[in-house]
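Participant: Take this structure first; my questions come after.
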Amino acid sequence: MSPRLRVALLALSGLALLPGAAAVIAGLPPFGATIAQYGERINAIAPDARHVANMVSAINFDLRGLDTLGEEFMLLAAITGTVVLLRGHRGEGNSGRAMRRAGRALIPRSEAVVLACRIAGPLTAVFGLYVVVHATVTPGGGFQGGVILASATLLIYLGEGYAGWRDAVRSHWLDALEGGGALLFALCGLGPMLMGAAFMQNVLPLGTFRDLFSGGLMLIENLGVALAVTGGFTQLFLEFMEETRATDEPEEPGEESA
Amino acid sequence: MTASAAALLPLPVAIPLVVCAAMLATAHLLPGRLPDILATLAALAVAVLCAVIARHAAEHPLVYWFGGWEPHDGVHLGIGFSVDEASGWVAAFIGLLYAVTFVFAWGFFGRTHGHFHILMLLFLAAMVGFCFTRDMFNLFVWFEVMSVAAFALTAYHLEESALSGAINFTVINSLAGFLMLGGIGLIYARTGTLDFEGIAAAVARSGRDPVVAGAFCLVAAALMIKGAIVPFQFWLADAHAVAPSPVSVIFSGSMVSLGLFGLAKLSAVVFGGSDQLRHALPLLLTALGGGTALLGGWMALLQRHLKRMLAFSTISHAGIMLTGIGALSADGTGGMLVYLVGHGLVKGALFMVAGILLATRASIDEIALRGLGRGIGPAGIAMALAGLLLCGLPIGVLDQGTRLVQGALAQQGRGMALAAGAIGAALTGAAVLRAAGRIFLGLGPDPGDEAGAPSADEREKANRPLWLMLAPCCVLLALDVALPADLIEHAVPRAASAFLHRPAVAALAEGPAWLPWTSLTAALAGAGYGLFRRRLPALVVRPVSVTQSAPTRALEVLHSGLIGDYAAWLAVGVAVIAVVLGLA
C-alpha cells in the first residue's frame, strides 16, 4: 500500500468513527463530576479497616492486590524478555564480567564526580528505602522506592566506572533479587491461605494509623515489590550497558579499567 | 465440598507464578534439566487443579473473593474469580497443552538459565487468570501479561525475520491493549464498577447508551485483534511463522482462541443486557467470522512456508469460532468452546510436526522438503490425520464443535456464514493435506530450481530424539480423537448455558451430517489439484488459474508486512465495528 493510500484509509476510518466518538464523549459524565462511588467507599472504610493513610497503597496492595501481583509479574516478564533478547546475541557465557569494546576511549573520572557520587549514592539509597517503608503512610511504595534504589546503584557506575560497577553488582544477585522479591509477593498471597483465610487476605496485625508500622501484610508485599523492582531495573541497565559494548566479532578478552 | 473447591481457585494462577519466580531467583544454580521438569510439573498441576475446579463448578459457578473483600451492599470492592464449568475445562485444556508443549520442547532451550520456562509459566498463569476472572481491569492485567510474555517468546530466535515478526506483533497487540484500556475506562465511567455482574446490571438498566456501545466497540476490537479476526489478522501470520515451534503451538492452540473466548464471555455476560448490542452482534460477528474463515483459508492455500500456512489456517478457524459466537445462542457458544479445545489439540499437533521437520530436516519450505519426509513416516501420518480432522473428518472433538457451530448457524438461517465456515475449513485442510502429500509421499511435480526456498535458512536444534517430539504430538491427536463424545454431548448444553448465564437447555442442535463430508471431499479435491495440476487437462486448469490470479495477487499485496498498513487496517476494523453498532 502506498503511504498516500494508507493515510487516506486512516482518514476515512477516522471520519467514520467521528460521529460515534462524539456521541460517546457527549454521554460521559461531565468534567469535574462527583467522585465515583467506589472511590468514596474506599475513602470511607480503608483508614478504619486497614489503618492506612495512603489510599493508593490500600487499593494497590490490599483491595486490588491481585492486579498488582499481575503487574509485578508483567514487569518480571518484560525484564526477562528484554534480558533474553539482549543477551541472546552475546550468549550466556560472558555475562559474568565487564566487556570492553576495542578502540573505545577510556575517560578517567574527575575527583569531584567520584566524591559527589560517593556522597549522593548512599543518600539516594536511604531515600529509596524511606519511600519503600513509608508506603502506607505517605505517597510512594515499592515500585517508586525500588526505582530510586536502582538509580542509587547507577551512581556507583557514574562514580567508580563500569568495571567497578560490575564488581559491585553481580548479575545473578540481581536475578535472585528480582525473582526473590516476586516470590515474596506471591507467597504473601498464598501464606494467608495456609491459615484458612483468603488469598492475600490481610491477616497480620494492622498496627497504628499514620505510623510506620501500619497496614499489616501490605508492608511485606511492598518489600517484595521493592526488591523485585530494584533487581529488575538494575538488571535492565546492566544488559543495556553490555549491549553497547558488544562487538560484532568475538570479543577481546580484557577488562575495562576506568 | 463446593466451598472447599472454591478455595482452590487462586492456585492455578499462583502455582505457575511461584514456580517461575523461584526459578528466576535460583536461575544460576539450577542444573540442566530441572527447569524442564519443574515447568512440566507446574503445568500438569494447573491442568489437574482446573479439572477438579471444573467438575465442582458443574452445578453452579464457583466464586472467590481475593483478600476476603466480599461485596457489601452490592458494591464490589475487591477482585473476584468466577469459574463456570466451561471456563474451568478450557483452563484445564490450556494447562495440559502447556505440559505437552514443555515435553515437546525438552532441552530445546537448555542454554538460557530457564528464561524460556519462566516466560512460558507467566504466559500460562496469565491465561488461566484470563479464563477465571470476573473483573474488567483484572482481565486487562492478564491480557497484558499474556502479550508481554508472548512478545519476547516470538523474538526468541533473534534472526531478522523473527525480530520483524515480533515487532509487528508487539505494535498491533499494544494497540489492542490501549483500545481495551480505553474501553474499560468508558465502561467504568458509566457504571462505576469493574465487576462483571455489577457492570451487567448497570448495562441492563441503562438502555440505549452510546458510552456502553463505545466501550464494547473498543474492548471487542482488542479481543478480536488477539483473536486474529479480519481486518486485524495481519500480525498473526508474521508472528506465528517466526516464533519457535513450541511457542507457536501455544499461540495457535490457546492464545488466539482465548481472545475469542474472552469476547464470547464479555458479550454474553457483561454486555448481554444491551438490546442495541444484541441486535448488532449476530450480523457483525457472523459477517466478520465468515470473511475471516474464507480469507484465512485462501491465504493458507497460497503458502509454501509451512508455519505460515498453519498460521493462516488458524486465522480461518478463528473465523469459524467467531461465527459460533455470533449465533449468540447456547448451541453456538457451546460449539465454539468445544471447537476451541478441538482446534487447539489438532493445530498444536500440526505445529509440532512443523517443529519436527525444522529439527530433523532443517527446512520449513513445502517445496524444498518434497519427499524428504519419507524417513519419518509417523510424523507424516500425524500430519495427514490432523489435516483430515481440520477439514471435517467426522470423528473427535473438533468435529463435534464444528457440528454444533453449524447447527446453531443452520437453525438461525445464516447460510452464508455456514458456507463460509465449511469452505474455510476445506481450504485449510486442502493446504495441509497438499503439504503432507508433497513432503511425506513425494507427490507433485519435481520442483527443479524452485526448490530453493525464498526465505532465509531456518532450522531448529535437533538435540532431541524423534520419539520425544513425536509423542506429545500423538498425545494431542489421540486426545482429540478419543475423548468420549457422549461425555461432551452430555456436558455441553449445561456448561454453555452456565457460561452464558442463561437457564439450562436440554439438548443442542447439530448441523447437517453431510456438511463435514462435503468439506472433506472439497479439501481432498483441493489438495489433489495442488499436487497434480500439471497432469490435469487444460480445460480444468485454465479457468481456475485465470479467475484466481488477480484476487490472489491482491491478497498477497495486502499482507505486506508493513506495520503502517496493519495499523491502518486496524483503524478500518474499529470503524466497521463502530458503524455497525451505531446503526443497530
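A note on labels: chains of the C-alpha cells are A, B, ... as shown, every chain counts residues from 1, and ligands are counted from 1 in their shown order.
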Once you count only C-alpha atoms, which residues of chain A turn out to be within 8 Å of chain B? Could you give them as a compact mmCIF listing (two decimals) with C-alpha atoms, in the first residue's frame?

Facilitator:
```txt
# COMPACT_ATOMS: atom_id res chain seq x y z
CA MET A 1 0.00 0.00 0.00
CA ARG A 6 -2.57 4.32 3.82
CA VAL A 7 -3.22 7.82 5.13
CA LEU A 9 -7.62 4.78 4.61
CA LEU A 10 -6.79 6.01 8.08
CA LEU A 12 -11.60 7.57 6.12
CA SER A 13 -11.92 5.34 9.16
CA GLY A 14 -11.33 8.38 11.37
CA ALA A 16 -16.42 7.03 10.13
CA LEU A 17 -15.50 6.94 13.81
CA GLY A 20 -19.60 7.59 17.35
CA ALA A 21 -16.78 9.26 19.23
CA ALA A 23 -21.78 10.57 20.92
CA VAL A 24 -19.56 8.77 23.44
CA ILE A 25 -17.90 11.97 24.62
CA GLY A 27 -22.53 10.77 27.01
CA LEU A 28 -19.67 10.71 29.51
CA PRO A 29 -20.02 12.24 32.97
CA ALA A 36 -17.18 7.64 41.68
CA GLN A 37 -19.00 5.65 44.30
CA TYR A 38 -16.10 3.22 44.50
CA ILE A 42 -12.77 3.22 49.87
CA ASP A 62 -4.96 -4.89 49.57
CA LEU A 63 -8.27 -4.22 47.87
CA ARG A 64 -6.96 -4.89 44.38
CA GLY A 65 -3.76 -6.69 45.35
CA LEU A 66 -4.25 -9.32 42.67
CA ASP A 67 -3.94 -6.68 39.94
CA GLY A 70 -0.23 -9.39 37.93
CA GLU A 71 1.54 -6.09 37.20
CA PHE A 73 4.83 -10.35 37.14
CA MET A 74 4.24 -8.36 33.96
CA ALA A 77 8.06 -10.84 32.09
CA ALA A 78 9.16 -7.62 30.42
CA THR A 80 13.12 -11.39 31.48
CA GLY A 81 12.09 -10.88 27.87
CA THR A 82 14.48 -7.96 27.46
CA VAL A 84 16.58 -12.86 26.64
CA LEU A 85 16.58 -10.57 23.61
CA GLY A 88 20.79 -13.80 23.15
CA HIS A 89 23.28 -12.31 20.73
CA GLU A 92 25.26 -16.64 28.35
CA HIS A 172 22.90 -13.49 39.39
CA ASP A 175 18.18 -12.38 39.29
CA ALA A 176 17.88 -13.55 42.88
CA LEU A 177 16.66 -10.12 44.00
CA GLU A 178 14.11 -9.88 41.22
CA GLY A 179 12.83 -13.43 41.46
CA GLY A 180 13.00 -13.45 45.25
CA ALA A 182 8.34 -11.52 43.18
CA LEU A 183 8.29 -14.80 45.08
CA ALA A 186 3.29 -14.27 45.60
CA LEU A 187 3.84 -16.02 48.93
CA LEU A 190 -0.52 -17.98 49.44
CA ALA A 197 -8.02 -17.05 55.10
CA ALA A 198 -8.48 -15.86 51.51
CA PHE A 199 -5.62 -15.33 49.05
CA MET A 200 -3.75 -12.16 50.07
CA GLN A 201 -6.10 -11.50 52.98
CA ASN A 202 -4.52 -9.07 55.41
```

Participant: Neighbouring residues of B:Asn173 were defined as those with any atom within 9 Å, considering only C-alpha atoms; residues of the same chain fewer than 5 positions away were excluded. Please report them as a ChimeraX atom specification.

Facilitator: /B:144,147,168,178,222,225-226,235

Participant: For the selection just defined, write its residues with C-alpha atoms to a file, as a PDB file, in the first residue's frame.

Facilitator:
```
ATOM      1  CA  GLU B 144      -1.266  -7.629  29.043  1.00  0.00           C
ATOM      2  CA  SER B 147       1.070 -10.053  25.486  1.00  0.00           C
ATOM      3  CA  ASN B 168       4.584  -6.291  14.156  1.00  0.00           C
ATOM      4  CA  PHE B 178      -4.688   0.695  24.510  1.00  0.00           C
ATOM      5  CA  ALA B 222      -8.971  -5.512  21.298  1.00  0.00           C
ATOM      6  CA  ILE B 225      -7.028  -8.337  17.484  1.00  0.00           C
ATOM      7  CA  LYS B 226      -5.896 -11.079  19.859  1.00  0.00           C
ATOM      8  CA  TRP B 235       0.142  -9.737  12.880  1.00  0.00           C
TER       9      TRP B 235
END
```

Participant: Determine the nearest neighbour of A:Gly164 from the options A:Ala98, A:Ala116, A:Ile59, A:Ile220, counting only C-alpha atoms.

Facilitator: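 Among A:Ala98, A:Ala116, A:Ile59, A:Ile220, it is A:Ala98 that comes nearest to A:Gly164.
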
Participant: Hey, what's within 7 Å of B:Leu322 if we count only C-alpha atoms and toss same-chain stuff fewer than 5 positions away? As a ChimeraX atom specification, please?

Facilitator: /B:260,285-286,289

Participant: Next, the residues of the selection above should be written as an mmCIF file, in the first residue's frame with N, CA and C atoms.

Facilitator:
```
data_model
loop_
_atom_site.group_PDB
_atom_site.id
_atom_site.type_symbol
_atom_site.label_atom_id
_atom_site.label_comp_id
_atom_site.auth_asym_id
_atom_site.auth_seq_id
_atom_site.Cartn_x
_atom_site.Cartn_y
_atom_site.Cartn_z
ATOM 1 N N LEU B 260 -10.997 -14.907 21.589
ATOM 2 C CA LEU B 260 -12.400 -15.103 21.229
ATOM 3 C C LEU B 260 -13.208 -15.607 22.413
ATOM 4 N N LEU B 285 -20.717 -10.246 13.929
ATOM 5 C CA LEU B 285 -19.794 -11.340 14.224
ATOM 6 C C LEU B 285 -19.834 -12.413 13.142
ATOM 7 N N THR B 286 -21.009 -12.753 12.641
ATOM 8 C CA THR B 286 -21.013 -13.795 11.615
ATOM 9 C C THR B 286 -20.395 -13.280 10.322
ATOM 10 N N GLY B 289 -16.657 -13.137 10.959
ATOM 11 C CA GLY B 289 -16.165 -14.507 11.095
ATOM 12 C C GLY B 289 -16.130 -15.223 9.754
#
```

Participant: Could you check which of A:Pro19, A:Val113, A:Leu238, A:Phe127 is closest to A:Gly146, using only C-alpha atoms?

Facilitator: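 The answer is A:Phe127, which sits nearest to A:Gly146.
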
Participant: Suppose you want the space between atom CA of B:Leu350 and atom CA of B:Gly32; what is it in Å?

Facilitator: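 Computing the Euclidean distance for atom CA of B:Leu350 and atom CA of B:Gly32 yields 28.2 Å.
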
Participant: What's the separation between atom CA of B:Gly375 and atom CA of B:Tyr529, in Å to one decimal place?

Facilitator: 25.4 Å

Participant: Which distance in Å separates atom CA of B:Leu301 and atom CA of B:Arg434, to one decimal?

Facilitator: 8.9 Å

Participant: So, counting only C-alpha atoms, which residue among B:Gly392, B:Pro35, B:Pro61, B:Pro244 is closest to B:Gly88?

Facilitator: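 Ranking B:Gly392, B:Pro35, B:Pro61, B:Pro244 by distance to B:Gly88, first place goes to B:Pro61.
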
Participant: What's the 7 Å shell around stretch 435-447 of chain B, counting only C-alpha atoms, without same-chain residues fewer than 5 positions away, as a PDB file with N, CA and C atoms, in the first residue's frame?

Facilitator:
```
ATOM      1  N   GLU B 366       7.676 -26.062   1.989  1.00  0.00           N
ATOM      2  CA  GLU B 366       6.976 -27.240   1.472  1.00  0.00           C
ATOM      3  C   GLU B 366       7.644 -27.780   0.208  1.00  0.00           C
ATOM      4  N   ILE B 367       8.040 -26.884  -0.685  1.00  0.00           N
ATOM      5  CA  ILE B 367       8.602 -27.330  -1.968  1.00  0.00           C
ATOM      6  C   ILE B 367       9.978 -27.964  -1.755  1.00  0.00           C
ATOM      7  N   LEU B 369      11.077 -29.354   0.801  1.00  0.00           N
ATOM      8  CA  LEU B 369      11.005 -30.585   1.602  1.00  0.00           C
ATOM      9  C   LEU B 369      10.419 -31.749   0.820  1.00  0.00           C
ATOM     10  N   ARG B 370      10.091 -31.557  -0.453  1.00  0.00           N
ATOM     11  CA  ARG B 370       9.367 -32.588  -1.201  1.00  0.00           C
ATOM     12  C   ARG B 370      10.085 -33.939  -1.090  1.00  0.00           C
ATOM     13  N   GLY B 371       9.348 -34.921  -0.584  1.00  0.00           N
ATOM     14  CA  GLY B 371       9.890 -36.271  -0.479  1.00  0.00           C
ATOM     15  C   GLY B 371      10.865 -36.475   0.652  1.00  0.00           C
ATOM     16  N   LEU B 372      11.253 -35.405   1.339  1.00  0.00           N
ATOM     17  CA  LEU B 372      12.266 -35.543   2.386  1.00  0.00           C
ATOM     18  C   LEU B 372      11.693 -36.128   3.668  1.00  0.00           C
ATOM     19  N   GLY B 373      10.373 -36.215   3.755  1.00  0.00           N
ATOM     20  CA  GLY B 373       9.769 -36.717   4.981  1.00  0.00           C
ATOM     21  C   GLY B 373       9.679 -38.225   5.022  1.00  0.00           C
ATOM     22  N   ARG B 374      10.205 -38.886   4.023  1.00  0.00           N
ATOM     23  CA  ARG B 374       9.974 -40.330   3.937  1.00  0.00           C
ATOM     24  C   ARG B 374      10.526 -41.083   5.144  1.00  0.00           C
ATOM     25  N   GLY B 377       8.002 -41.428   8.788  1.00  0.00           N
ATOM     26  CA  GLY B 377       6.627 -41.747   8.429  1.00  0.00           C
ATOM     27  C   GLY B 377       5.592 -41.416   9.486  1.00  0.00           C
ATOM     28  N   GLY B 380       4.358 -38.075   9.281  1.00  0.00           N
ATOM     29  CA  GLY B 380       3.503 -37.896   8.112  1.00  0.00           C
ATOM     30  C   GLY B 380       2.081 -38.345   8.381  1.00  0.00           C
ATOM     31  N   MET B 383       0.447 -35.788  10.474  1.00  0.00           N
ATOM     32  CA  MET B 383       0.101 -34.575   9.728  1.00  0.00           C
ATOM     33  C   MET B 383      -1.123 -34.814   8.858  1.00  0.00           C
ATOM     34  N   ALA B 384      -1.175 -35.982   8.208  1.00  0.00           N
ATOM     35  CA  ALA B 384      -2.322 -36.264   7.354  1.00  0.00           C
ATOM     36  C   ALA B 384      -3.593 -36.363   8.183  1.00  0.00           C
ATOM     37  N   LEU B 531      -1.460 -30.691  -6.126  1.00  0.00           N
ATOM     38  CA  LEU B 531      -0.330 -31.596  -6.374  1.00  0.00           C
ATOM     39  C   LEU B 531      -0.230 -32.020  -7.839  1.00  0.00           C
ATOM     40  N   PHE B 532      -1.370 -32.236  -8.479  1.00  0.00           N
ATOM     41  CA  PHE B 532      -1.343 -32.853  -9.818  1.00  0.00           C
ATOM     42  C   PHE B 532      -1.834 -31.904 -10.894  1.00  0.00           C
TER      43      PHE B 532
END
```

Participant: Could you pull out the residues in stretch 15-54 of chain B that DSSP calls alpha helix (DSSP H) from the backbone, as a ChimeraX atom specification?

Facilitator: /B:15-25,34-54

Participant: Just want the 9 Å neighbourhood of A:Val114, counted on only C-alpha atoms, with same-chain residues fewer than 2 positions away dropped. Output as JSON, numbers by chain.

Facilitator: {"A": [109, 110, 111, 112, 116, 117, 118, 119, 156, 158, 159, 160]}

Participant: Take the residues that were just selected and, keeping C-alpha atoms, output them as a PDB file, in the first residue's frame.

Facilitator:
```pdb
ATOM      1  CA  ARG A 109      36.653  10.410  36.083  1.00  0.00           C
ATOM      2  CA  SER A 110      37.363  13.704  37.801  1.00  0.00           C
ATOM      3  CA  GLU A 111      37.689  13.503  41.540  1.00  0.00           C
ATOM      4  CA  ALA A 112      34.759  15.845  42.007  1.00  0.00           C
ATOM      5  CA  ALA A 116      29.778  13.644  44.564  1.00  0.00           C
ATOM      6  CA  CYS A 117      28.684  10.130  43.653  1.00  0.00           C
ATOM      7  CA  ARG A 118      30.085   8.625  46.833  1.00  0.00           C
ATOM      8  CA  ILE A 119      28.096  11.127  48.846  1.00  0.00           C
ATOM      9  CA  ILE A 156      28.210   3.598  41.591  1.00  0.00           C
ATOM     10  CA  LEU A 158      28.953   7.087  37.475  1.00  0.00           C
ATOM     11  CA  GLY A 159      31.500   7.361  40.269  1.00  0.00           C
ATOM     12  CA  GLU A 160      33.527   4.181  40.021  1.00  0.00           C
TER      13      GLU A 160
END
```

Participant: Hey, which of A:Ala246, A:Val132, A:Thr230, A:Pro122 ends up closest to A:Val147? Count only C-alpha atoms.

Facilitator: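 Going through A:Ala246, A:Val132, A:Thr230, A:Pro122 one by one, the smallest distance to A:Val147 is for A:Thr230.
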
Participant: Using only C-alpha atoms, pick whichever of A:Ala120, A:Leu204, A:Ala163, A:Val133 has the shortest atom-to-atom distance to A:Ser151.

Facilitator: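 The closest residue to A:Ser151 is A:Ala120.
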